[in-house]
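First up is the structure itself, then whatever we jot down about it.
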Amino acid sequence: MSWLTSLPVWAILFLSLLVVGSVSSASYLLLHKKTGEHRERTGMAAAAYMTALGSLFAILTGFLINSEYATLRQAQSLVGKEAAAASRLAWATEALPSVDTALVQQRLGVYLSDSEQSDFKAFGTDKAQNAQTSPGFGSLRELQSVSFTIASRSYVASATSNAMEASMADLTDARRELLSIADSEMPIELLLLSAIAGFALIINALFVSLRSGGNTVYVAVGIILIVALDLALIVGISAPFRGPFVVDAGPVQTMATEVQSGVYLPWVGPSRVIESSAKTCTADASSCVRIAPDEPIQLAALLRIGKDADASGLDDLRGFQLAIDYLDGKFDGEDGRLLGHDVAHWEVDDECSPEGG
């Protein structure tokens with residue numbers, strides 16, 4: 001049924017009107033031919049069932065529309081919940097040392113971007129479980145690993161640790177619930193039952209129209225339109241991640257942009273953002289460094305590390321090396337990656353003199 005729910009609104013509406021209209025026309029021609037002199041009697045019998053059939057159709061379609069619309073609203077609410085959890089996580093990291101803050105927020109920005117670009121597409125496929133292998137899923141695992149590792153460290157205050165862990169729990173819960181919604185489908189049996197009730201109501205109305213004639217034909221036409229529109233609406237809202245009525249990923253997209261712009265970094269703040277557009281480089285070429293995708297980011301430190309250096313120079317050197325090691329969120333003796341690039345680094349002795357420095 002996924003092919004049907006993936007159609008645009010005009011196609012679903014046209015298909016519904018075509019099917020209902022065709023069945024109604026064929027039924028009218030058949031009834032007109034078969035009833036003959038019995039129209040009066042069959043028409044009176046049909047009139048007695050109009051209320052019952054109309055009520056049955058209204059109850060079934062009303063239940064389905066309410067159920068599917070509630071699912072759509074729930075999915076939209078979960079997207080907002082995911083964005084809110086990401087915001088709380090970003091704010092919680094402000095109390096961390098700057099290197100930890102930057103690391104968590106970098107992972108958070110990558111996850112939000114991957115989620116908006118890949119997860120929502122995966123949710124809209126025939127197999128929503130594909131989201132478990134999407135880039136967003138991998139980014140979430142990295143974010144979880146980094147966040148829980150940092151939150152468990154002894155120098156992190158318990159309030160900050162608890163806030164980070166609670167935010168991560170809300171973030172993963174929201175994604176899990178979205179996946180569950182995307183993987184579920186409307187009960188096809190209820191849709192078929194609603195369609196049968198609708199066609200029964202139409203045929204009943206045609207019996208009455210054949211008996212009474214005149215303007216009663218407009219009543220039958222109106223019922224045909226109502227049945228077609230109700231069935232089209234049910235199909236249209238039954239898939240929150242594909243088709244004409246889908247969940248808006250705007251909150252996640254906005255949050256991704258804010259995190260990647262540095263809004264939640266204490267040294268940048270909400271009143272400023274990190275400019276990263278081409279216009280910035282055009283306006284001031286000295287403010288930009290262009291690095292190809294396969295090139296490393298080059299870092300150098302001018303330090304007092306010669307023969308006569310004291311401990312402070314060696315401390316600076318070790319801090320520089322540890323910072324590069326920790327770019328991947330762990331001290332493992334291997335250089336981490338910065339913004340998706342390898343890091344090439346040099347430590348130069350300034351010789352504590354104008355010539356060296």
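Just remember, in the structure tokens the first chain shown is A, the second B, etc., residues are 1-based per chain, and ligands are 1-based in the order shown.
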
For Leu322 in chain A, find every residue with an atom within 9 Å (counting only C-alpha atoms), except residues of its own chain fewer than 3 positions away, and show them as a list in words. Leu317, Arg318, Gly319, Asp325, Tyr326, Leu327, Phe331, Gly333 and Asp335 of chain A

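Checking A:Val247, A:Arg290, A:Val79, A:Phe63 one by one against Pro187 in chain A, counting only C-alpha atoms, you find the shortest gap at A:Phe63.
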
What does the distance between CA of Ser134 in chain A and CA of Pro244 in chain A come to in Å, to one decimal place?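 Value for the CA of Ser134 in chain A-CA of Pro244 in chain A distance: 23.7 Å.
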
Based on the backbone DSSP call, show me all residues of range 124-284 of chain A assigned alpha helix (DSSP H), as JSON, numbers by chain. {"A": [135, 136, 137, 138, 139, 140, 141, 142, 143, 144, 145, 146, 147, 148, 149, 150, 151, 158, 159, 160, 161, 162, 163, 164, 165, 166, 167, 168, 169, 170, 171, 172, 173, 174, 175, 176, 177, 178, 179, 180, 181, 182, 183, 188, 189, 190, 191, 192, 193, 194, 195, 196, 197, 198, 199, 200, 201, 202, 203, 204, 205, 206, 207, 208, 209, 210, 211, 212, 216, 217, 218, 219, 220, 221, 222, 223, 224, 225, 226, 227, 228, 229, 230, 231, 232, 233, 234, 235, 236, 250, 251, 252, 253, 254, 255, 256, 257, 258, 259, 260, 278, 279, 280, 281, 282, 283]}

Which residues are near Thr71 in chain A? Cut-off 12 Å, only C-alpha atoms, ignore same chain within fewer than 6 positions. Put them as an MDAnalysis selection string. chainID A and resid 64:65 77:78 177:178 180:182 184:186 234 237:241 245:247

Between CA of Val20 in chain A and CA of Ser212 in chain A, distance in Å (one decimal): 22.5 Å

Go through A:Gln144, A:Ser24, A:Ser55, A:Thr125 one by one, measure the shortest atom-to-atom distance of each to Leu171 in chain A using only C-alpha atoms, and give the residue with the smallest value.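 For Leu171 in chain A, the nearest of the candidates is A:Gln144.
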
At a cut-off of 7 Å, using only C-alpha atoms, what residues contact Ala90 in chain A? Leave out same-chain residues fewer than 3 positions from it and give the result as a VMD selection string. chain A and resid 86 to 87 93 105 264

In Å, rounded to a single decimal, give me how far CA of Ile59 in chain A is from CA of Ile203 in chain A.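 Here the two named atoms are 18.4 Å from each other.
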
Tell me which protein, DNA and RNA residues are within 10 Å of Asp100 in chain A, counting only C-alpha atoms, leaving out same-chain ones fewer than 2 positions away, and put them as number ranges by chain. A: 93-98, 102-106, 146-147, 150-151, 326-327, 329

Near-Gly21 in chain A list (12 Å; only C-alpha atoms; drop same-chain fewer than 5 positions) as number ranges by chain: A: 13-16, 26-28, 198-199, 202-203, 220-229

Expected file contents, prior selection, N, CA and C atoms, as a CSV table (one decimal), in the first residue's frame:
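The result, stored in again_37.csv:
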```csv
chain,number,residue,atom,x,y,z
A,13,LEU,N,-6.7,12.0,-4.8
A,13,LEU,CA,-8.0,12.4,-5.0
A,13,LEU,C,-8.6,12.0,-6.3
A,14,PHE,N,-7.8,12.1,-7.4
A,14,PHE,CA,-8.3,11.7,-8.7
A,14,PHE,C,-8.6,10.2,-8.7
A,15,LEU,N,-7.7,9.4,-8.2
A,15,LEU,CA,-7.8,7.9,-8.1
A,15,LEU,C,-9.1,7.5,-7.3
A,16,SER,N,-9.3,8.2,-6.2
A,16,SER,CA,-10.5,7.9,-5.4
A,16,SER,C,-11.7,8.3,-6.1
A,26,ALA,N,-21.3,2.1,-12.8
A,26,ALA,CA,-21.7,0.7,-13.1
A,26,ALA,C,-22.9,0.2,-12.3
A,27,SER,N,-22.9,0.5,-11.0
A,27,SER,CA,-24.0,0.1,-10.2
A,27,SER,C,-25.3,0.7,-10.6
A,28,TYR,N,-25.2,2.0,-11.0
A,28,TYR,CA,-26.5,2.7,-11.4
A,28,TYR,C,-27.0,2.0,-12.7
A,198,GLY,N,-19.1,2.4,2.4
A,198,GLY,CA,-19.3,3.6,1.5
A,198,GLY,C,-20.0,3.1,0.3
A,199,PHE,N,-19.6,2.0,-0.4
A,199,PHE,CA,-20.2,1.6,-1.6
A,199,PHE,C,-21.7,1.1,-1.3
A,202,ILE,N,-23.7,4.1,-1.1
A,202,ILE,CA,-24.0,4.7,-2.5
A,202,ILE,C,-25.0,3.9,-3.2
A,203,ILE,N,-24.9,2.5,-3.2
A,203,ILE,CA,-25.9,1.7,-3.9
A,203,ILE,C,-27.3,1.9,-3.3
A,220,ALA,N,-27.7,11.4,-4.3
A,220,ALA,CA,-26.8,10.3,-4.6
A,220,ALA,C,-25.4,10.8,-5.1
A,221,VAL,N,-25.4,11.8,-5.9
A,221,VAL,CA,-24.1,12.4,-6.4
A,221,VAL,C,-23.3,12.9,-5.2
A,222,GLY,N,-24.0,13.6,-4.3
A,222,GLY,CA,-23.4,14.2,-3.1
A,222,GLY,C,-22.8,13.1,-2.3
A,223,ILE,N,-23.5,12.0,-2.1
A,223,ILE,CA,-23.0,10.9,-1.3
A,223,ILE,C,-21.8,10.3,-1.9
A,224,ILE,N,-21.8,10.1,-3.3
A,224,ILE,CA,-20.6,9.6,-4.0
A,224,ILE,C,-19.4,10.5,-3.8
A,225,LEU,N,-19.6,11.8,-3.8
A,225,LEU,CA,-18.4,12.7,-3.6
A,225,LEU,C,-17.9,12.6,-2.2
A,226,ILE,N,-18.8,12.5,-1.2
A,226,ILE,CA,-18.4,12.4,0.2
A,226,ILE,C,-17.6,11.1,0.4
A,227,VAL,N,-18.1,10.0,-0.1
A,227,VAL,CA,-17.4,8.8,0.1
A,227,VAL,C,-16.0,8.8,-0.6
A,228,ALA,N,-15.9,9.4,-1.8
A,228,ALA,CA,-14.6,9.5,-2.4
A,228,ALA,C,-13.7,10.4,-1.7
A,229,LEU,N,-14.1,11.5,-1.2
A,229,LEU,CA,-13.3,12.5,-0.5
A,229,LEU,C,-12.8,11.9,0.9
```

Contacts of Thr254 in chain A within 10 Å, only C-alpha atoms, excl. fewer than 3 positions in-chain, as a list of chain:residue names: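 The neighbour list is A:Ala83, A:Leu112, A:Ser113, A:Glu116, A:Ala249, A:Gly250, A:Pro251, A:Thr257, A:Glu258, A:Val259.
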
Counting only C-alpha atoms, which residue out of A:Leu29, A:Leu143, A:Val208, A:Ala174 sits closest to Ala47 in chain A? A:Val208

Would you return as a PDB file with C-alpha atoms, in the first residue's frame the members of range 63-304 of chain A that DSSP assigns to strand (DSSP E) on this structure's backbone?
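Generated file (states.pdb):
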```pdb
ATOM      1  CA  ILE A 297      44.056  20.567   8.556  1.00  0.00           C
ATOM      2  CA  GLN A 298      47.471  21.915   9.504  1.00  0.00           C
ATOM      3  CA  LEU A 299      48.139  23.044  13.058  1.00  0.00           C
ATOM      4  CA  ALA A 300      51.397  24.374  14.462  1.00  0.00           C
ATOM      5  CA  ALA A 301      52.517  25.481  17.897  1.00  0.00           C
ATOM      6  CA  LEU A 302      55.374  27.852  18.683  1.00  0.00           C
ATOM      7  CA  LEU A 303      56.707  26.621  22.011  1.00  0.00           C
TER       8      LEU A 303
END
```

Give the answer as one residue: which of A:Val110, A:Leu31, A:Val219, A:Leu265 has the shortest atom-to-atom distance to Ala205 in chain A, using only C-alpha atoms?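 Using only C-alpha atoms, Ala205 in chain A sits closest to A:Val219.
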
Residue with the minimum atom-to-atom distance to Gly313 in chain A, picked from A:Gln76, A:Asp349, A:Ser118, A:Glu82 with only C-alpha atoms counted, is A:Asp349
